[in-house]
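**Q** Pasting structure.txt below, which is compact mmCIF, C-alpha atoms.
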# COMPACT_ATOMS: atom_id res chain seq x y z
CA MET A 787 -51.24 79.01 80.57
CA ASP A 788 -54.62 77.85 79.60
CA PRO A 789 -54.94 74.31 80.96
CA HIS A 790 -57.42 73.43 78.16
CA ARG A 791 -55.05 74.20 75.32
CA PRO A 792 -53.50 71.09 73.73
CA ARG A 793 -49.91 70.52 74.53
CA ARG A 794 -47.48 70.76 71.65
CA ALA A 795 -45.22 67.96 70.63
CA ARG A 796 -41.48 68.46 70.59
CA GLY A 797 -41.62 69.26 66.94
CA GLY A 798 -43.97 72.13 67.60
CA VAL A 799 -47.04 70.37 66.12
CA VAL A 800 -50.20 70.26 68.11
CA PRO A 801 -51.36 66.59 68.31
CA GLU A 802 -54.79 65.90 66.91
CA ALA A 803 -57.54 64.87 69.20
CA ALA A 804 -57.99 61.05 69.44
CA PRO A 805 -60.85 59.81 67.22
CA ALA A 806 -63.98 58.73 68.88
CA ALA A 807 -64.35 54.96 69.33
CA PRO A 808 -66.54 53.43 66.59
CA SER A 809 -69.95 52.23 67.57
CA PRO A 810 -70.49 48.45 67.86
CA ARG A 811 -72.76 48.55 64.80
CA ARG A 812 -70.13 50.28 62.67
CA ARG A 813 -67.49 47.79 63.85
CA ARG A 814 -69.70 44.86 62.83
CA ARG A 815 -70.28 46.35 59.39
CA ARG A 816 -66.52 46.81 58.93
CA ILE A 817 -65.78 43.21 59.99
CA ALA A 818 -68.50 41.93 57.64
CA ALA A 819 -67.02 43.93 54.76
CA ILE A 820 -63.56 42.47 55.44
CA VAL A 821 -64.96 38.93 55.56
CA VAL A 822 -66.88 39.42 52.31
CA ALA A 823 -63.81 40.83 50.62
CA ALA A 824 -61.69 37.90 51.83
CA VAL A 825 -64.27 35.39 50.61
CA ALA A 826 -64.48 37.14 47.25
CA VAL A 827 -60.69 37.06 46.88
CA ALA A 828 -60.59 33.37 47.87
CA ALA A 829 -63.36 32.58 45.39
CA ALA A 830 -61.57 34.46 42.64
CA VAL A 831 -58.35 32.57 43.37
CA ALA A 832 -60.27 29.26 43.39
CA VAL A 833 -61.84 30.10 40.03
CA VAL A 834 -58.46 30.97 38.55
CA ILE A 835 -56.95 27.74 39.91
CA SER A 836 -59.94 25.70 38.70
CA LEU A 837 -59.80 27.24 35.23
CA GLY A 838 -56.06 26.63 35.10
CA TYR A 839 -56.50 22.99 36.12
CA LEU A 840 -59.38 22.53 33.69
CA SER A 841 -57.19 23.93 30.94
CA ARG A 842 -54.42 21.45 31.87
CA LEU A 843 -56.96 18.63 31.90
CA GLN A 844 -58.26 19.51 28.46
CA GLY A 845 -54.73 19.94 27.14
CA THR A 846 -53.64 16.55 28.49
CA PHE A 847 -56.69 14.91 26.95
CA GLU A 848 -56.18 16.46 23.52
CA ASP A 849 -52.42 15.81 23.51
CA ASN A 850 -52.75 12.12 24.33
CA ARG A 851 -55.99 10.94 22.77
CA ASN A 852 -56.02 8.78 19.63
CA VAL A 853 -58.78 9.37 17.09
CA ILE A 854 -60.26 6.40 15.23
CA GLU A 855 -60.02 7.08 11.52
CA GLY A 856 -63.34 6.94 9.68
CA LEU A 857 -65.47 7.36 12.80
CA GLU A 858 -65.40 11.14 13.13
CA ASP A 859 -69.18 11.38 12.71
CA LEU A 860 -71.54 8.65 13.92
CA ASP A 861 -74.67 10.76 13.46
CA ASP A 862 -76.16 8.51 10.76
CA ASP A 863 -79.69 7.42 9.88
CA THR A 864 -79.97 5.29 13.06
CA ALA A 865 -80.04 8.41 15.27
CA TYR A 866 -83.86 8.46 15.27
CA ARG A 867 -83.88 5.25 17.29
CA THR A 868 -82.95 7.00 20.55
CA PRO A 869 -84.52 10.03 22.27
CA GLU A 870 -82.79 13.40 22.01
CA GLY A 871 -80.17 13.80 24.75
CA THR A 872 -79.60 10.08 25.29
CA THR A 873 -75.98 8.95 24.96
CA ASN A 874 -74.85 5.44 23.99
CA ILE A 875 -71.15 4.57 24.02
CA LEU A 876 -69.79 1.31 22.63
CA LEU A 877 -66.83 0.24 24.75
CA LEU A 878 -64.59 -2.38 23.20
CA GLY A 879 -61.62 -4.05 24.83
CA SER A 880 -59.55 -5.49 22.01
CA ASP A 881 -57.14 -8.39 22.35
CA SER A 882 -54.38 -6.37 20.71
CA ARG A 883 -50.93 -6.84 22.25
CA GLY A 884 -49.47 -3.62 20.90
CA ASP A 885 -45.84 -4.02 19.82
CA THR A 886 -45.94 -7.79 20.38
CA GLU A 887 -49.09 -8.26 18.23
CA GLN A 888 -47.46 -10.03 15.25
CA GLU A 889 -45.40 -12.32 17.48
CA TYR A 890 -48.50 -13.27 19.47
CA ARG A 891 -50.51 -14.07 16.31
CA ALA A 892 -47.66 -16.21 14.96
CA ILE A 893 -47.50 -18.24 18.19
CA THR A 894 -51.24 -18.73 18.66
CA GLY A 895 -52.27 -18.98 15.02
CA GLU A 896 -55.19 -16.63 15.68
CA GLY A 897 -56.43 -14.37 12.91
CA GLY A 898 -57.17 -10.66 13.05
CA GLU A 899 -57.81 -8.62 16.13
CA ARG A 900 -61.15 -9.27 17.85
CA SER A 901 -63.13 -7.47 20.51
CA ASP A 902 -62.60 -9.44 23.69
CA VAL A 903 -64.72 -7.10 25.84
CA ILE A 904 -67.98 -5.63 24.50
CA MET A 905 -70.02 -3.24 26.62
CA LEU A 906 -72.78 -0.76 25.89
CA VAL A 907 -72.67 2.30 28.15
CA HIS A 908 -76.13 3.91 28.22
CA ILE A 909 -76.61 7.38 29.75
CA PRO A 910 -80.24 8.59 29.86
CA GLU A 911 -81.21 12.13 29.02
CA ASP A 912 -81.70 13.17 32.66
CA ARG A 913 -78.18 11.92 33.55
CA SER A 914 -79.62 10.12 36.59
CA GLY A 915 -77.27 7.17 36.21
CA VAL A 916 -74.97 5.19 33.97
CA TYR A 917 -75.94 1.72 32.73
CA VAL A 918 -73.16 -0.62 31.61
CA MET A 919 -74.36 -3.73 29.79
CA SER A 920 -71.90 -6.50 28.98
CA ILE A 921 -72.45 -8.42 25.74
CA MET A 922 -71.22 -12.00 25.47
CA ARG A 923 -68.54 -12.16 22.78
CA ASP A 924 -69.75 -15.59 21.53
CA LEU A 925 -73.31 -14.38 20.96
CA TRP A 926 -74.56 -15.66 17.59
CA VAL A 927 -76.00 -12.72 15.66
CA GLU A 928 -76.58 -11.38 12.18
CA VAL A 929 -73.47 -9.50 11.06
CA PRO A 930 -74.63 -7.01 8.39
CA GLY A 931 -73.37 -8.10 4.98
CA HIS A 932 -71.62 -11.20 6.34
CA GLY A 933 -74.42 -13.52 7.46
CA GLU A 934 -74.53 -15.09 10.90
CA GLY A 935 -71.50 -15.16 13.16
CA ARG A 936 -70.17 -14.45 16.61
CA ILE A 937 -70.66 -10.82 17.52
CA ASN A 938 -66.94 -10.30 18.17
CA SER A 939 -66.13 -11.49 14.65
CA ALA A 940 -67.57 -8.22 13.29
CA PHE A 941 -64.44 -6.44 14.53
CA SER A 942 -62.08 -8.60 12.48
CA ALA A 943 -64.43 -8.83 9.47
CA GLY A 944 -65.09 -5.12 8.99
CA GLY A 945 -63.37 -3.13 11.69
CA LEU A 946 -65.08 -0.79 14.12
CA GLU A 947 -67.60 0.46 11.59
CA LEU A 948 -69.02 -3.04 11.17
CA ALA A 949 -68.87 -3.65 14.93
CA VAL A 950 -70.97 -0.51 15.45
CA ASP A 951 -73.46 -1.53 12.76
CA THR A 952 -73.80 -5.01 14.26
CA VAL A 953 -74.59 -3.73 17.75
CA GLU A 954 -76.95 -1.05 16.43
CA GLU A 955 -78.94 -3.58 14.43
CA MET A 956 -79.00 -6.16 17.23
CA LEU A 957 -80.27 -3.69 19.84
CA TYR A 958 -82.15 -1.42 17.44
CA THR A 959 -80.46 1.59 18.97
CA HIS A 960 -77.95 4.27 17.97
CA ILE A 961 -74.29 4.46 19.01
CA ASP A 962 -73.09 8.02 19.67
CA HIS A 963 -69.46 7.29 20.56
CA VAL A 964 -66.95 4.46 20.35
CA VAL A 965 -64.04 3.88 22.73
CA THR A 966 -61.51 1.08 22.42
CA ILE A 967 -58.82 0.04 24.88
CA ASP A 968 -56.23 -2.68 24.53
CA PHE A 969 -55.08 -4.95 27.33
CA GLU A 970 -51.84 -3.13 27.97
CA GLY A 971 -53.78 0.07 28.60
CA PHE A 972 -56.13 -1.70 30.97
CA SER A 973 -53.15 -2.89 32.97
CA ASP A 974 -51.68 0.62 33.13
CA LEU A 975 -54.99 2.11 34.24
CA THR A 976 -55.14 0.00 37.40
CA THR A 977 -51.51 0.88 38.11
CA ALA A 978 -52.15 4.62 37.69
CA LEU A 979 -54.99 4.34 40.21
CA GLY A 980 -52.69 2.69 42.74
CA GLY A 981 -54.53 -0.62 42.47
CA VAL A 982 -58.23 -1.47 42.78
CA TYR A 983 -60.11 -3.67 45.23
CA VAL A 984 -62.69 -6.29 44.26
CA ASP A 985 -64.75 -8.75 46.27
CA ASN A 986 -63.83 -11.98 44.50
CA PRO A 987 -66.74 -14.47 44.84
CA ARG A 988 -64.64 -17.52 43.95
CA SER A 989 -61.01 -18.58 44.21
CA PHE A 990 -59.16 -19.55 41.03
CA SER A 991 -55.78 -19.61 39.31
CA ALA A 992 -54.96 -18.00 35.97
CA GLY A 993 -52.09 -18.54 33.57
CA GLN A 994 -50.01 -21.58 32.66
CA ARG A 995 -46.62 -19.97 33.13
CA ASN A 996 -46.14 -18.56 36.61
CA PRO A 997 -49.88 -18.87 37.39
CA ALA A 998 -51.47 -16.24 39.58
CA PHE A 999 -53.80 -17.31 42.39
CA TYR A 1000 -56.83 -15.21 43.33
CA PRO A 1001 -58.33 -16.16 46.70
CA GLU A 1002 -61.97 -15.69 47.57
CA GLY A 1003 -62.78 -12.41 49.32
CA THR A 1004 -61.49 -8.87 48.99
CA ILE A 1005 -58.35 -8.72 46.88
CA ARG A 1006 -56.20 -5.93 45.44
CA LEU A 1007 -55.55 -5.97 41.70
CA GLN A 1008 -52.96 -3.99 39.80
CA GLY A 1009 -51.13 -4.26 36.50
CA SER A 1010 -50.72 -7.75 35.07
CA ASP A 1011 -52.65 -9.31 37.98
CA ALA A 1012 -55.71 -7.24 37.05
CA LEU A 1013 -55.24 -8.18 33.40
CA ARG A 1014 -55.17 -11.90 34.16
CA PHE A 1015 -58.20 -11.57 36.39
CA VAL A 1016 -60.42 -10.14 33.63
CA ARG A 1017 -59.12 -12.45 30.88
CA GLU A 1018 -59.32 -15.84 32.59
CA ARG A 1019 -62.08 -18.21 31.46
CA LYS A 1020 -60.58 -21.70 31.25
CA SER A 1021 -60.72 -22.12 35.02
CA PHE A 1022 -64.53 -21.96 35.04
CA ALA A 1023 -67.23 -24.34 33.85
CA MET A 1024 -69.20 -21.32 32.61
CA GLY A 1025 -66.06 -19.72 31.21
CA ASP A 1026 -67.29 -16.66 29.30
CA HIS A 1027 -70.12 -15.97 31.73
CA VAL A 1028 -67.76 -15.84 34.71
CA ARG A 1029 -65.23 -13.79 32.74
CA VAL A 1030 -67.90 -11.17 32.00
CA GLU A 1031 -68.80 -11.09 35.71
CA ASN A 1032 -65.13 -10.56 36.59
CA GLN A 1033 -64.84 -7.78 34.02
CA GLN A 1034 -67.78 -6.03 35.66
CA LEU A 1035 -66.25 -6.45 39.10
CA VAL A 1036 -63.02 -4.77 38.02
CA LEU A 1037 -64.78 -2.04 36.06
CA ARG A 1038 -66.87 -1.17 39.11
CA ALA A 1039 -63.74 -1.19 41.26
CA ILE A 1040 -62.07 1.22 38.82
CA VAL A 1041 -65.08 3.56 38.96
CA GLU A 1042 -65.18 3.45 42.75
CA ARG A 1043 -61.44 4.08 42.95
CA PHE A 1044 -61.66 6.99 40.55
CA LEU A 1045 -64.63 8.53 42.39
CA SER A 1046 -62.99 8.09 45.78
CA GLY A 1047 -61.88 11.12 47.74
CA ASP A 1048 -58.17 10.39 47.49
CA THR A 1049 -58.40 10.49 43.68
CA LEU A 1050 -60.86 13.32 43.03
CA THR A 1051 -59.10 15.59 45.54
CA ASN A 1052 -55.72 14.90 43.94
CA PRO A 1053 -55.54 16.71 40.58
CA GLU A 1054 -52.11 15.30 39.83
CA ARG A 1055 -53.39 11.75 40.19
CA ILE A 1056 -56.22 12.45 37.74
CA LEU A 1057 -53.68 13.80 35.25
CA ASP A 1058 -51.49 10.74 35.84
CA VAL A 1059 -54.45 8.46 35.11
CA LEU A 1060 -55.19 10.28 31.87
CA GLU A 1061 -51.57 10.27 30.75
CA SER A 1062 -51.28 6.56 31.54
CA ILE A 1063 -54.43 5.33 29.85
CA LEU A 1064 -55.01 7.64 26.87
CA PRO A 1065 -52.08 6.35 24.75
CA PHE A 1066 -53.74 2.90 24.82
CA MET A 1067 -57.23 4.18 24.02
CA SER A 1068 -58.83 5.24 20.76
CA MET A 1069 -62.11 7.10 20.29
CA ASP A 1070 -64.26 8.60 17.60
CA GLY A 1071 -63.43 12.13 16.48
CA SER A 1072 -66.46 13.77 18.10
CA LEU A 1073 -65.42 12.62 21.58
CA ASP A 1074 -63.07 15.55 22.14
CA ALA A 1075 -62.02 17.34 25.33
CA ASP A 1076 -64.94 19.78 25.33
CA THR A 1077 -67.46 16.95 24.91
CA VAL A 1078 -65.90 14.88 27.70
CA VAL A 1079 -65.79 17.86 30.08
CA GLY A 1080 -69.43 18.59 29.20
CA TYR A 1081 -70.45 15.04 30.12
CA ALA A 1082 -68.43 15.26 33.33
CA MET A 1083 -70.18 18.49 34.36
CA GLU A 1084 -73.61 17.01 33.61
CA MET A 1085 -72.84 13.97 35.75
CA ARG A 1086 -70.75 15.62 38.47
CA ASN A 1087 -73.19 14.53 41.20
CA LEU A 1088 -73.09 10.83 40.29
CA ARG A 1089 -71.84 8.35 42.85
CA SER A 1090 -70.63 4.80 42.41
CA SER A 1091 -74.10 3.59 43.48
CA ASP A 1092 -75.50 5.31 40.36
CA ILE A 1093 -73.41 3.04 38.10
CA HIS A 1094 -75.53 0.00 37.18
CA MET A 1095 -73.95 -3.07 35.57
CA PHE A 1096 -75.60 -6.13 34.11
CA THR A 1097 -75.16 -8.72 31.38
CA MET A 1098 -77.41 -8.83 28.35
CA PRO A 1099 -79.65 -11.91 28.70
CA VAL A 1100 -78.95 -14.73 26.28
CA GLY A 1101 -80.49 -18.04 25.28
CA GLN A 1102 -79.07 -21.54 25.09
CA ASN A 1103 -75.60 -22.71 24.12
CA HIS A 1104 -75.52 -24.00 20.55
CA GLU A 1105 -73.19 -25.85 18.21
CA THR A 1106 -73.16 -24.56 14.64
CA SER A 1107 -73.01 -26.77 11.55
CA GLY A 1108 -69.30 -26.06 11.45
CA GLY A 1109 -68.84 -27.29 15.03
CA ALA A 1110 -68.41 -23.87 16.66
CA GLN A 1111 -69.70 -23.44 20.21
CA VAL A 1112 -71.83 -20.28 20.35
CA ILE A 1113 -74.61 -18.70 22.42
CA LEU A 1114 -78.01 -18.04 20.92
CA PRO A 1115 -79.90 -14.82 21.73
CA ASP A 1116 -83.09 -14.82 23.82
CA GLU A 1117 -85.46 -13.26 21.28
CA GLU A 1118 -88.21 -12.39 23.77
CA LYS A 1119 -85.89 -10.62 26.18
CA MET A 1120 -84.05 -9.00 23.28
CA GLN A 1121 -87.26 -7.32 22.12
CA LEU A 1122 -87.93 -6.10 25.65
CA LEU A 1123 -84.39 -4.75 25.87
CA GLN A 1124 -84.83 -2.88 22.61
CA ARG A 1125 -88.01 -1.22 23.88
CA SER A 1126 -86.37 -0.40 27.22
CA LEU A 1127 -83.50 1.36 25.45
CA GLN A 1128 -85.93 3.34 23.29
CA HIS A 1129 -87.93 4.46 26.33
CA GLN A 1130 -84.90 5.01 28.62
CA ASN A 1131 -86.21 2.46 31.10
CA LEU A 1132 -83.26 0.21 31.86
CA ASP A 1133 -84.19 0.38 35.55
CA GLY A 1134 -87.38 -1.47 34.70
CA PHE A 1135 -85.53 -3.92 32.49
CA MET A 1136 -83.02 -4.76 35.23
CA ALA A 1137 -85.86 -5.27 37.72
CA TYR A 1138 -87.51 -7.62 35.23
CA LEU A 1139 -84.26 -9.56 34.84
CA GLU A 1140 -83.93 -10.01 38.60
CA GLU A 1141 -87.51 -11.30 38.89
CA SER A 1142 -87.07 -13.56 35.88
CA GLU A 1143 -83.82 -15.04 37.18
CA ALA A 1144 -85.36 -15.62 40.62
CA ALA A 1145 -88.33 -17.40 39.04
CA GLU A 1146 -86.05 -19.55 36.86
CA GLN A 1147 -83.94 -20.50 39.88
CA LEU A 1148 -87.07 -21.40 41.87
CA GLN A 1149 -88.30 -23.58 39.01
CA ALA A 1150 -84.91 -25.29 38.75
CA ASP A 1151 -84.89 -25.98 42.50
CA ARG A 1152 -88.38 -27.49 42.26
CA GLU A 1153 -87.33 -29.74 39.38
CA ILE A 1154 -84.33 -30.95 41.36
CA GLY A 1155 -86.54 -31.56 44.40
CA ALA A 1156 -89.07 -33.45 42.30
CA GLY A 1157 -86.50 -35.88 40.90
CA PRO A 1158 -86.69 -39.70 41.24
CA GLY A 1159 -86.89 -40.86 44.83
CA SER A 1160 -87.51 -37.37 46.20
CA PHE A 1161 -90.23 -36.53 48.67
CA THR A 1162 -92.06 -33.29 47.92
CA GLY A 1163 -95.49 -33.82 49.42
CA GLY A 1164 -96.83 -33.94 52.94
CA GLY A 1165 -99.72 -35.15 55.09
CA ASN A 1166 -102.24 -37.69 53.79
CA ASP A 1167 -101.75 -36.55 50.22
CA ALA A 1168 -98.15 -37.69 50.17
CA PRO A 1169 -97.48 -40.54 47.72
Could I get this structure in the form of structure tokens?
**A**
Amino acid sequence: MDPHRPRRARGGVVPEAAPAAPSPRRRRRRIAAIVVAAVAVAAAVAVVISLGYLSRLQGTFEDNRNVIEGLEDLDDDTAYRTPEGTTNILLLGSDSRGDTEQEYRAITGEGGERSDVIMLVHIPEDRSGVYVMSIMRDLWVEVPGHGEGRINSAFSAGGLELAVDTVEEMLYTHIDHVVTIDFEGFSDLTTALGGVYVDNPRSFSAGQRNPAFYPEGTIRLQGSDALRFVRERKSFAMGDHVRVENQQLVLRAIVERFLSGDTLTNPERILDVLESILPFMSMDGSLDADTVVGYAMEMRNLRSSDIHMFTMPVGQNHETSGGAQVILPDEEKMQLLQRSLQHQNLDGFMAYLEESEAAEQLQADREIGAGPGSFTGGGNDAP
């Protein structure tokens, strides 16, 4: 028997010779191909999941959003006032109480619904940040077709259309979208986020029945506690000014909470937030799901530090001929604000406000120091 002949298996088949071991280079190429294929499959699965989630997000938005009648198209003859690509959103927090509205009006004797929170959200063309400017509700302005009045009276006098016209004329700008939210929705939003945290600069109590106490320092706000926090003004000497500051504190806390990792990485929580807040919000017809997703994609790299909040500068307190306490506008700063909006330079405007406020505070300190009996000089020149 030839010793070099292959031995047969029991089944009578001659076994094939063992394949030669692959070279190290060929093995590396094979491993690389497997890795690439695995990554491609994972990416494809991620895309499918992302598209599915995006579809759910858009569906939830469309199913729950409320469209403001008569505001489907805001692209009117004021559009030339802002550069192409700039977006201005008028955010109004109404004092509506939903199902208890009529009962509330009967108890308080107040008239029609008014805008209790007024904010202009300005997004420049390059999407480098978001600027949220609070407007004092008692600001005395020209209400188109109605003469002078508080800016929040435009809401009750002519609805959202007149509110938009009033803000556009005051700031000489164009409003692209309008969003309203009532207080009940604001309460539900903080609850859907699992509460928000603010650094409260001053302690105070709010409410006559079962008053809530808010200590100084970091506090957690949720539901009715958050609602009381942003509505309280009677506890402060500068009531409306402090209330606007508190509104900004909570709005920033909401943004930070929403942009936090435990929210953005939890798709179900985002859907819960939308489902909780959208029934209590209304928006113009052009602010649909595709538009909102488009804005979100354009600003996907924004962080909470890119959200800038400030209050529109105002003038002195004033009493009208009818005895109403109102706030007059600061005409010089108003003109500067108008130009800053036109030229997308709210960074420069905010820097100017900081310098102006610091100079005013320094002057006030000097006047206090130079009062009767004070000693402000030194050396041989001292009186």
**Q** List the spatial neighbours of Ala1082 in chain A as a PyMOL selection string - criterion: any atom at most 12 Å away, all atoms listed in the file, same-chain residues fewer than 5 positions off excluded.
**A** chain A and resi 840+909+913+1045+1075-1077+1087-1088
**Q** As a PyMOL selection string, please: the residues near Thr1097 in chain A (cut-off 7 Å, all atoms listed in the file, same-chain neighbours under 2 positions excluded).
**A** chain A and resi 919-921+1099
**Q** Choose the residue, out of A:Phe941, A:Tyr958, A:Tyr917, A:Phe1135, that has the smallest atom-to-atom separation from Arg867 in chain A; count only C-alpha atoms.
**A** A:Tyr958
**Q** May I ask which of the residues A:Glu1042, A:Leu1013, A:Asp924, A:Gly1071 is the closest one to Asp1026 in chain A, counting only C-alpha atoms?
**A**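 Residue with the minimum atom-to-atom distance to Asp1026 in chain A: A:Asp924.
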**Q** Would you mind listing what lies within 12 Å of Asn852 in chain A as number ranges by chain, with only C-alpha atoms counted and same-chain residues fewer than 5 positions away left out?
**A** A: 847, 857-858, 964-967, 1063-1075
**Q** Considering only C-alpha atoms, state which residue in the set A:Asn850, A:Thr959, A:Ser939, A:Thr873 is at the smallest distance from Arg1125 in chain A.
**A**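 So, comparing all the options, the nearest one is A:Thr959.
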**Q** Step by step: start from the point (-56.2, -5.2, 30.3) in the file's coordinates, keep every protein, DNA or RNA residue that has an atom no farther than 10 Å from it, count only C-alpha atoms, and write the set as a PDB file with C-alpha atoms, keeping the file's coordinate frame.
**A**
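Once everything was written out, this is result08.pdb:
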ATOM      1  CA  GLY A 879     -61.620  -4.050  24.830  1.00  0.00           C
ATOM      2  CA  SER A 880     -59.550  -5.490  22.010  1.00  0.00           C
ATOM      3  CA  ASP A 881     -57.140  -8.390  22.350  1.00  0.00           C
ATOM      4  CA  SER A 882     -54.380  -6.370  20.710  1.00  0.00           C
ATOM      5  CA  ARG A 883     -50.930  -6.840  22.250  1.00  0.00           C
ATOM      6  CA  VAL A 903     -64.720  -7.100  25.840  1.00  0.00           C
ATOM      7  CA  ILE A 967     -58.820   0.040  24.880  1.00  0.00           C
ATOM      8  CA  ASP A 968     -56.230  -2.680  24.530  1.00  0.00           C
ATOM      9  CA  PHE A 969     -55.080  -4.950  27.330  1.00  0.00           C
ATOM     10  CA  GLU A 970     -51.840  -3.130  27.970  1.00  0.00           C
ATOM     11  CA  GLY A 971     -53.780   0.070  28.600  1.00  0.00           C
ATOM     12  CA  PHE A 972     -56.130  -1.700  30.970  1.00  0.00           C
ATOM     13  CA  SER A 973     -53.150  -2.890  32.970  1.00  0.00           C
ATOM     14  CA  ASP A 974     -51.680   0.620  33.130  1.00  0.00           C
ATOM     15  CA  LEU A 975     -54.990   2.110  34.240  1.00  0.00           C
ATOM     16  CA  THR A 976     -55.140   0.000  37.400  1.00  0.00           C
ATOM     17  CA  GLY A1009     -51.130  -4.260  36.500  1.00  0.00           C
ATOM     18  CA  SER A1010     -50.720  -7.750  35.070  1.00  0.00           C
ATOM     19  CA  ASP A1011     -52.650  -9.310  37.980  1.00  0.00           C
ATOM     20  CA  ALA A1012     -55.710  -7.240  37.050  1.00  0.00           C
ATOM     21  CA  LEU A1013     -55.240  -8.180  33.400  1.00  0.00           C
ATOM     22  CA  ARG A1014     -55.170 -11.900  34.160  1.00  0.00           C
ATOM     23  CA  PHE A1015     -58.200 -11.570  36.390  1.00  0.00           C
ATOM     24  CA  VAL A1016     -60.420 -10.140  33.630  1.00  0.00           C
ATOM     25  CA  ARG A1017     -59.120 -12.450  30.880  1.00  0.00           C
ATOM     26  CA  GLN A1033     -64.840  -7.780  34.020  1.00  0.00           C
TER      27      GLN A1033
END
**Q** I'd like the interatomic distance between CA of Glu1084 in chain A and CA of Ala978 in chain A, to a tenth of an Å.
**A** 25.1 Å
**Q** Between A:Thr1004, A:Gln1124, A:Ser914, A:Thr977, single out the one closest to Leu957 in chain A, counting only C-alpha atoms.
**A**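 Answer, going by the shortest atom-to-atom distance: A:Gln1124.
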**Q** So how far away is CA of Leu1035 in chain A from CA of Gly935 in chain A, in Å?
**A** 27.9 Å
**Q** Report, in Å to a single decimal, how far apart CA of Val916 in chain A and CA of Met1136 in chain A are.
**A**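 Atom-to-atom, CA of Met1136 in chain A to CA of Val916 in chain A, that is 12.9 Å.
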**Q** My list of candidates is A:Glu1105, A:Asp902, A:Glu848, A:Glu1118. Which is closest to Trp926 in chain A when distances are computed with all atoms listed in the file?
**A** A:Glu1105
**Q** May I have the protein, DNA and RNA residues with any atom at most 9 Å from the point (-61.9, -21.5, 41.7), counting only C-alpha atoms, written as a PDB file with C-alpha atoms, in the coordinates of the input?
**A**
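Listed below is the output, out17.pdb:
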ATOM      1  CA  ARG A 988     -64.640 -17.520  43.950  1.00  0.00           C
ATOM      2  CA  SER A 989     -61.010 -18.580  44.210  1.00  0.00           C
ATOM      3  CA  PHE A 990     -59.160 -19.550  41.030  1.00  0.00           C
ATOM      4  CA  SER A 991     -55.780 -19.610  39.310  1.00  0.00           C
ATOM      5  CA  TYR A1000     -56.830 -15.210  43.330  1.00  0.00           C
ATOM      6  CA  PRO A1001     -58.330 -16.160  46.700  1.00  0.00           C
ATOM      7  CA  GLU A1002     -61.970 -15.690  47.570  1.00  0.00           C
ATOM      8  CA  SER A1021     -60.720 -22.120  35.020  1.00  0.00           C
ATOM      9  CA  PHE A1022     -64.530 -21.960  35.040  1.00  0.00           C
TER      10      PHE A1022
END
**Q** Point out the residue among A:Ile1040, A:Val1100, A:Leu946, A:Leu1050 with the least atom-to-atom distance to Val1112 in chain A, counting only C-alpha atoms.
**A**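 Ranked by minimum distance to Val1112 in chain A, first place goes to A:Val1100.
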**Q** Quick one: residues within 9 Å of Ile961 in chain A, all atoms listed in the file, excluding same-chain residues fewer than 3 positions away - as a short mmCIF file (atom, residue, chain, number, x, y, z; two decimals) with C-alpha atoms, keeping the file's coordinate frame?
**A**
data_model
loop_
_atom_site.label_atom_id
_atom_site.label_comp_id
_atom_site.auth_asym_id
_atom_site.auth_seq_id
_atom_site.Cartn_x
_atom_site.Cartn_y
_atom_site.Cartn_z
CA LEU A 860 -71.54 8.65 13.92
CA ASP A 861 -74.67 10.76 13.46
CA THR A 864 -79.97 5.29 13.06
CA ALA A 865 -80.04 8.41 15.27
CA THR A 873 -75.98 8.95 24.96
CA ASN A 874 -74.85 5.44 23.99
CA ILE A 875 -71.15 4.57 24.02
CA LEU A 876 -69.79 1.31 22.63
CA LEU A 906 -72.78 -0.76 25.89
CA VAL A 950 -70.97 -0.51 15.45
CA ASP A 951 -73.46 -1.53 12.76
CA VAL A 953 -74.59 -3.73 17.75
CA GLU A 954 -76.95 -1.05 16.43
CA VAL A 964 -66.95 4.46 20.35
#
**Q** Got a sec: who's within 6 Å of Leu1114 in chain A, counting only C-alpha atoms, leaving out chain neighbours fewer than 3 positions off, as a list in words?
**A** Leu925, Trp926, Gly1101 and Gln1102 of chain A
**Q** Would you mind exporting C-alpha atoms of the selected residues as a PDB file, in the coordinates of the input?
**A**
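So the final result, stored in again_36.pdb, reads:
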ATOM      1  CA  LEU A 925     -73.310 -14.380  20.960  1.00  0.00           C
ATOM      2  CA  TRP A 926     -74.560 -15.660  17.590  1.00  0.00           C
ATOM      3  CA  GLY A1101     -80.490 -18.040  25.280  1.00  0.00           C
ATOM      4  CA  GLN A1102     -79.070 -21.540  25.090  1.00  0.00           C
TER       5      GLN A1102
END
